[in-house]
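Just entry_26.cif here, mmCIF, C-alpha atoms:
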```cif
data_model
loop_
_atom_site.label_atom_id
_atom_site.label_comp_id
_atom_site.auth_asym_id
_atom_site.auth_seq_id
_atom_site.Cartn_x
_atom_site.Cartn_y
_atom_site.Cartn_z
CA MET A 1 153.31 136.38 25.20
CA THR A 2 149.78 135.16 24.35
CA THR A 3 147.34 133.19 26.50
CA VAL A 4 148.00 129.90 24.61
CA VAL A 5 150.62 127.19 25.20
CA ARG A 6 151.38 124.12 23.13
CA VAL A 7 151.93 120.75 24.83
CA ARG A 8 153.93 118.12 22.95
CA GLY A 9 154.50 114.42 23.70
CA LEU A 10 151.01 113.56 24.93
CA ALA A 11 150.08 109.91 25.33
CA PHE A 12 147.56 108.92 22.67
CA GLU A 13 144.82 108.34 25.23
CA THR A 14 145.17 111.83 26.77
CA THR A 15 141.90 113.75 26.87
CA GLU A 16 141.22 117.47 26.94
CA GLU A 17 140.09 117.08 30.56
CA ASP A 18 143.48 115.51 31.37
CA LEU A 19 145.20 118.52 29.80
CA MET A 20 143.19 120.95 31.89
CA THR A 21 143.81 118.98 35.09
CA PHE A 22 147.56 118.89 34.37
CA PHE A 23 147.76 122.65 34.91
CA THR A 24 146.11 122.52 38.33
CA GLY A 25 146.30 125.86 40.11
CA LEU A 26 146.27 127.93 36.93
CA PRO A 27 143.15 129.53 35.39
CA VAL A 28 142.56 127.29 32.34
CA THR A 29 139.71 128.32 30.04
CA SER A 30 139.93 125.57 27.38
CA ALA A 31 142.04 122.70 26.04
CA LEU A 32 142.38 121.05 22.64
CA VAL A 33 143.84 117.66 21.64
CA VAL A 34 145.06 117.70 18.02
CA TYR A 35 144.27 114.77 15.71
CA ASP A 36 146.27 113.67 12.68
CA ALA A 37 145.22 112.46 9.22
CA THR A 38 144.23 109.02 10.54
CA GLY A 39 141.83 110.54 13.07
CA ARG A 40 144.10 109.58 15.96
CA ALA A 41 145.61 111.87 18.57
CA SER A 42 148.84 113.34 17.19
CA GLY A 43 150.57 113.77 20.55
CA ASP A 44 150.09 117.56 20.47
CA GLY A 45 147.67 119.69 22.42
CA PHE A 46 146.92 123.34 23.15
CA VAL A 47 145.73 124.99 26.36
CA THR A 48 144.26 128.47 26.66
CA PHE A 49 144.54 130.40 29.94
CA ALA A 50 142.63 133.34 31.35
CA ASP A 51 145.59 135.70 30.93
CA ALA A 52 149.14 135.86 29.57
CA GLU A 53 150.64 135.71 33.07
CA ALA A 54 149.02 132.32 33.68
CA ALA A 55 150.25 131.07 30.30
CA LYS A 56 153.78 132.18 31.24
CA SER A 57 153.51 130.27 34.53
CA ALA A 58 152.39 127.18 32.57
CA LEU A 59 155.83 127.02 30.94
CA GLY A 60 157.08 125.90 34.35
CA PHE A 61 155.31 122.58 33.74
CA ASN A 62 157.76 121.80 30.92
CA LYS A 63 159.14 118.23 31.09
CA GLN A 64 156.81 117.15 33.88
CA HIS A 65 154.83 113.92 33.67
CA LEU A 66 151.28 113.91 32.38
CA GLY A 67 150.12 110.37 32.99
CA ARG A 68 152.85 107.96 31.94
CA ARG A 69 154.80 110.37 29.72
CA TYR A 70 156.71 113.58 30.33
CA VAL A 71 155.60 116.41 28.09
CA GLU A 72 157.09 119.60 26.67
CA VAL A 73 155.33 122.93 27.06
CA PHE A 74 155.95 125.82 24.64
CA ASP A 75 154.66 129.34 24.12
CA SER A 76 152.14 129.36 21.26
CA THR A 77 149.47 131.50 19.62
CA PRO A 78 145.74 131.23 18.89
CA GLU A 79 146.62 131.22 15.19
CA GLU A 80 148.89 128.18 15.53
CA MET A 81 146.25 126.35 17.54
CA THR A 82 143.58 127.06 14.93
CA SER A 83 145.89 126.06 12.08
CA LYS A 84 146.87 122.75 13.66
CA ALA A 85 143.29 121.86 14.48
CA SER A 86 142.04 122.76 11.00
CA LEU A 87 144.76 120.77 9.24
CA GLY A 88 144.08 117.73 11.35
CA HIS A 89 140.33 117.78 10.77
CA ALA A 90 140.69 118.44 7.04
CA ALA A 91 143.25 115.66 6.60
CA ALA A 92 141.15 113.24 8.60
CA ALA A 93 138.11 114.00 6.47
CA ALA A 94 140.06 113.38 3.26
CA GLN A 95 141.59 110.23 4.66
CA GLU A 96 138.23 108.81 5.66
CA THR A 97 136.25 109.60 2.54
CA ASP A 98 138.21 110.42 -0.58
CA SER A 99 141.46 108.48 -0.60
CA VAL A 100 140.27 104.85 -0.48
CA LEU A 101 139.75 102.61 -3.51
CA ARG A 102 137.91 99.30 -3.52
CA LEU A 103 139.24 96.55 -5.81
CA ARG A 104 136.95 93.85 -7.19
CA GLY A 105 137.82 90.72 -9.18
CA LEU A 106 141.11 89.84 -7.48
CA PRO A 107 142.49 86.28 -7.56
CA TYR A 108 141.49 84.47 -4.39
CA ASP A 109 145.13 83.72 -3.58
CA VAL A 110 146.31 87.32 -4.00
CA THR A 111 148.67 88.64 -1.32
CA ILE A 112 149.11 92.10 0.15
CA PRO A 113 152.57 92.57 -1.44
CA GLN A 114 151.04 91.84 -4.87
CA VAL A 115 148.46 94.58 -4.39
CA THR A 116 151.15 96.96 -3.10
CA GLU A 117 153.30 96.25 -6.16
CA PHE A 118 150.29 96.83 -8.44
CA PHE A 119 150.12 100.39 -7.09
CA ASP A 120 153.86 101.03 -7.22
CA GLY A 121 154.48 104.76 -7.52
CA TYR A 122 151.26 105.80 -5.80
CA GLY A 123 152.53 105.95 -2.21
CA VAL A 124 151.00 102.64 -1.12
CA GLY A 125 152.69 100.35 1.40
CA ASP A 126 151.67 96.94 2.75
CA GLY A 127 150.00 98.61 5.73
CA HIS A 128 147.61 100.49 3.43
CA VAL A 129 146.05 97.33 1.96
CA THR A 130 143.14 95.39 3.47
CA LEU A 131 142.07 92.15 1.78
CA GLY A 132 138.36 91.37 1.82
CA ILE A 133 137.04 88.26 3.58
CA THR A 134 133.70 86.55 2.96
CA ALA A 135 131.57 87.16 6.04
CA ASP A 136 129.05 84.30 5.92
CA GLY A 137 127.85 81.22 4.05
CA LYS A 138 129.88 78.15 3.09
CA PHE A 139 132.89 80.31 2.14
CA ALA A 140 132.91 82.36 5.34
CA GLY A 141 136.40 83.29 6.43
CA LYS A 142 137.87 82.86 2.94
CA PRO A 143 139.09 85.59 0.55
CA SER A 144 136.30 87.45 -1.23
CA GLY A 145 138.30 88.68 -4.23
CA GLU A 146 138.04 92.25 -2.99
CA ALA A 147 140.47 94.64 -1.33
CA TRP A 148 140.57 98.19 -0.02
CA VAL A 149 143.58 100.44 -0.52
CA GLN A 150 144.21 103.67 1.40
CA PHE A 151 146.15 106.30 -0.57
CA PRO A 152 148.05 109.25 0.90
CA SER A 153 145.83 111.74 -0.94
CA GLN A 154 142.73 112.12 -3.07
CA ASP A 155 144.85 113.05 -6.10
CA LEU A 156 146.85 109.82 -5.88
CA ALA A 157 143.68 107.74 -5.45
CA THR A 158 142.09 109.38 -8.51
CA ALA A 159 145.25 108.92 -10.59
CA ALA A 160 145.54 105.27 -9.57
CA GLN A 161 141.93 104.56 -10.47
CA SER A 162 142.35 106.18 -13.88
CA ALA A 163 145.59 104.35 -14.67
CA LYS A 164 144.91 100.94 -13.14
CA ASN A 165 141.20 100.22 -13.61
CA GLY A 166 140.79 97.15 -15.84
CA GLN A 167 144.43 96.06 -15.54
CA SER A 168 145.33 92.59 -14.30
CA ILE A 169 146.73 91.14 -11.12
CA GLY A 170 147.71 87.49 -11.19
CA GLY A 171 146.00 86.88 -14.52
CA ARG A 172 142.69 88.53 -13.61
CA TYR A 173 141.63 92.04 -14.53
CA VAL A 174 140.36 94.07 -11.63
CA GLU A 175 137.85 96.88 -11.28
CA LEU A 176 138.54 99.91 -9.10
CA PHE A 177 135.86 102.01 -7.38
CA PRO A 178 135.98 104.99 -4.99
CA SER A 179 135.24 103.83 -1.45
CA THR A 180 135.59 104.88 2.18
CA ALA A 181 137.40 103.76 5.29
CA ALA A 182 133.99 103.10 6.85
CA ASP A 183 133.14 100.64 4.04
CA ARG A 184 136.46 98.89 4.51
CA ASP A 185 136.08 98.64 8.28
CA SER A 186 132.50 97.40 7.99
CA ASN A 187 133.67 94.47 5.84
CA ARG A 188 136.46 93.69 8.28
CA LEU A 189 134.13 93.72 11.28
CA LYS A 190 131.53 91.52 9.56
CA SER A 191 134.19 89.00 8.53
CA TRP A 192 135.51 88.71 12.06
CA LYS A 193 132.05 88.14 13.50
CA GLY A 194 130.79 85.84 10.76
CA GLY A 195 133.92 83.94 9.75
CA LYS A 196 135.05 80.59 11.07
CA GLY A 197 137.82 80.25 13.59
CA GLY A 198 136.46 82.14 16.59
CA GLY A 199 136.51 85.78 15.54
CA ALA A 200 138.40 88.70 16.95
CA ALA A 201 135.63 89.73 19.31
CA PHE A 202 136.33 86.69 21.46
CA GLY A 203 140.11 86.75 21.29
CA GLY A 204 140.52 84.25 18.46
CA LEU A 205 142.54 84.88 15.33
CA PRO A 206 140.53 86.97 12.86
CA PRO A 207 139.70 85.01 9.69
CA MET A 208 141.83 87.34 7.55
CA PHE A 209 144.92 85.97 9.26
CA HIS A 210 144.25 82.38 8.16
CA ALA A 211 145.63 80.78 5.02
CA GLY A 212 142.98 79.12 2.90
CA ARG A 213 143.61 75.57 1.67
CA GLY A 214 146.09 75.68 -1.17
CA SER A 215 145.85 79.46 -1.46
CA GLY A 216 148.99 80.63 0.31
CA PRO A 217 148.81 83.32 2.97
CA VAL A 218 145.97 85.81 2.73
CA VAL A 219 147.25 88.48 5.07
CA GLY A 220 149.74 86.10 6.17
CA GLY A 221 149.36 82.90 8.22
CA SER A 222 152.71 83.13 9.99
CA GLN A 223 152.92 86.79 8.96
CA ALA A 224 150.56 87.38 11.90
CA VAL A 225 151.86 87.84 15.45
CA LYS A 226 149.61 87.69 18.49
CA ILE A 227 150.44 90.07 21.37
CA ARG A 228 149.29 89.33 24.90
CA GLY A 229 149.45 91.50 28.00
CA LEU A 230 148.87 94.88 26.33
CA PRO A 231 147.86 97.84 28.50
CA PHE A 232 144.11 98.25 28.28
CA SER A 233 144.53 101.89 27.19
CA VAL A 234 146.95 101.11 24.36
CA THR A 235 146.23 102.34 20.81
CA GLU A 236 147.12 100.90 17.41
CA ALA A 237 149.58 103.74 16.88
CA GLU A 238 151.40 102.93 20.12
CA VAL A 239 151.71 99.27 19.15
CA ALA A 240 153.14 100.33 15.79
CA GLN A 241 155.64 102.58 17.57
CA PHE A 242 156.65 99.64 19.79
CA PHE A 243 158.23 97.92 16.77
CA ALA A 244 160.03 101.03 15.51
CA PRO A 245 162.64 101.74 14.32
CA GLU A 246 163.79 98.17 13.70
CA ILE A 247 160.54 97.10 12.02
CA PRO A 248 158.51 100.09 10.81
CA ILE A 249 154.82 99.26 10.47
CA SER A 250 151.60 101.23 10.07
CA PRO A 251 148.81 101.39 12.70
CA ALA A 252 146.61 99.86 9.98
CA GLN A 253 148.56 96.59 10.43
CA VAL A 254 147.49 96.41 14.10
CA THR A 255 144.23 94.90 15.34
CA LEU A 256 143.25 95.29 18.99
CA THR A 257 140.72 92.67 20.07
CA ARG A 258 137.78 93.33 22.36
CA GLY A 259 135.58 91.26 24.61
CA PRO A 260 131.78 90.91 24.39
CA ASP A 261 131.44 94.13 26.43
CA GLY A 262 133.31 96.07 23.74
CA ARG A 263 136.35 96.74 25.92
CA HIS A 264 139.90 96.05 24.81
CA ASN A 265 140.95 92.75 26.40
CA GLY A 266 144.74 93.16 26.40
CA THR A 267 145.29 91.12 23.23
CA GLY A 268 146.13 92.21 19.71
CA PHE A 269 147.40 91.01 16.35
CA VAL A 270 149.97 92.53 14.01
CA THR A 271 150.25 91.62 10.34
CA PHE A 272 153.80 91.89 9.01
CA ALA A 273 154.93 92.01 5.39
CA SER A 274 156.47 88.54 5.57
CA ALA A 275 156.87 85.54 7.84
CA ASN A 276 160.55 86.40 8.26
CA GLN A 277 159.67 89.90 9.42
CA ALA A 278 157.14 88.47 11.87
CA SER A 279 159.74 86.06 13.24
CA ARG A 280 162.24 88.90 13.67
CA ALA A 281 159.64 90.95 15.52
CA VAL A 282 159.12 88.12 17.99
CA ASP A 283 162.88 87.73 18.50
CA LEU A 284 163.35 91.45 19.12
CA LYS A 285 160.28 92.37 21.12
CA ASN A 286 159.00 89.33 23.02
CA ARG A 287 158.80 90.08 26.75
CA GLN A 288 159.77 93.72 26.23
CA TYR A 289 157.88 96.55 27.92
CA LEU A 290 155.15 98.42 26.07
CA GLY A 291 154.20 101.23 28.39
CA SER A 292 154.04 99.88 31.92
CA ARG A 293 153.57 96.21 30.98
CA TYR A 294 155.80 93.62 29.36
CA VAL A 295 154.11 91.80 26.52
CA GLU A 296 154.32 88.33 25.01
CA LEU A 297 154.54 87.82 21.27
CA LEU A 298 153.46 84.59 19.59
CA GLN A 299 153.87 83.98 15.87
CA GLU A 300 150.69 82.47 14.49
CA THR A 301 150.88 79.38 12.28
CA GLY A 302 147.74 80.12 10.23
CA GLY A 303 145.79 77.10 9.05
CA GLY A 304 142.64 77.42 7.02
CA PRO A 305 139.05 77.05 8.15
#
```
Could you write out this structure as structure tokens?
Amino acid sequence: MTTVVRVRGLAFETTEEDLMTFFTGLPVTSALVVYDATGRASGDGFVTFADAEAAKSALGFNKQHLGRRYVEVFDSTPEEMTSKASLGHAAAAAQETDSVLRLRGLPYDVTIPQVTEFFDGYGVGDGHVTLGITADGKFAGKPSGEAWVQFPSQDLATAAQSAKNGQSIGGRYVELFPSTAADRDSNRLKSWKGGKGGGAAFGGLPPMFHAGRGSGPVVGGSQAVKIRGLPFSVTEAEVAQFFAPEIPISPAQVTLTRGPDGRHNGTGFVTFASANQASRAVDLKNRQYLGSRYVELLQETGGGP
């Protein structure tokens, strides 16, 4: 047996310090939390001990609680730990830089399902599409005619750009450019702060959830569900898991709002693929427990600026 154990089933907020503290009484030398392709904790971790005997004793912690979840502890190797860490960092780097395309020239009434259909065959789902919102000026809070699409890989993003650049959506030809997740998120943050309707920073509905006059839903009017009473430590991935398996969604469809101090305020929004799906989510999950707290779900009615 080696000096390394693998810990599976970690809560997403678990830190390396938490992992080391979990094995109190044993000589821990280091701990590692593994991250997935989205840059979020994967639920796996590795702990290295001073000797093989201590690592063997650590297996006795199997199925004990670490925080709010019980975890599994397995024998592992330094090679597995290095491999998992390298894969996670490499995938995250690709996800954040190389596999995002920016679309320009979209119809102002375009919907997420239309963009998803445009990229049929390239591994894109509704949760991978972010529609751009004008951040300021007289059209603040309204669609900008841009969108960002996250692809599963660089190869798919490159192929999609080659095949789809200059083709039309809703009667308008669109241009495709390589972009980044940081560029996408910067637009989203600016639109929330600058758009009409309150802004996410203060608990209001982000402008991208509103339907413009006569335009139909942007991300979705009533496709948006507000969640109240979330644990303050909750992550987007945990909210997405809350709706599984009945309604599978991506963490990208979840927005956690924050107060002026930058801390999560217990409120969030989820964008579903349709109003019917949003309504079903409320029926199934309203007043159910997410972690240690029961949450309230309210289907938003939209309404333009």
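Reported to one decimal place, the separation of atom CA of Val5 of chain A from atom CA of Ser292 of chain A is 28.3 Å.
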(request) Enter the distance from atom CA of Gln161 of chain A to atom CA of Ser274 of chain A, in Å, rounded to one decimal. (result)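 Value for the atom CA of Gln161 of chain A-atom CA of Ser274 of chain A distance: 26.9 Å.
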(request) Taking the file above as input, evaluate the PyMOL selection byres ((chain A and resi 53-63) around 8) and report the hits as a ChimeraX atom specification. (result) /A:1-5,23,26-27,48-52,64-65,70-75
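Between Leu106 of chain A and the residues A:Asp18, A:Asp183, A:Glu236, A:Glu175, the shortest atom-to-atom distance, using only C-alpha atoms, involves A:Glu175.
Atom to atom, atom CA of Ala244 of chain A and atom CA of Arg69 of chain A stand 17.8 Å apart.
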(request) Determine the residue membership of the PyMOL selection byres ((chain A and resi 239-242) around 10) for the file above and supply it as an NGL selection string. (result) :A and (227 or 230 or 234-238 or 243-256 or 268-270 or 285 or 288-291)
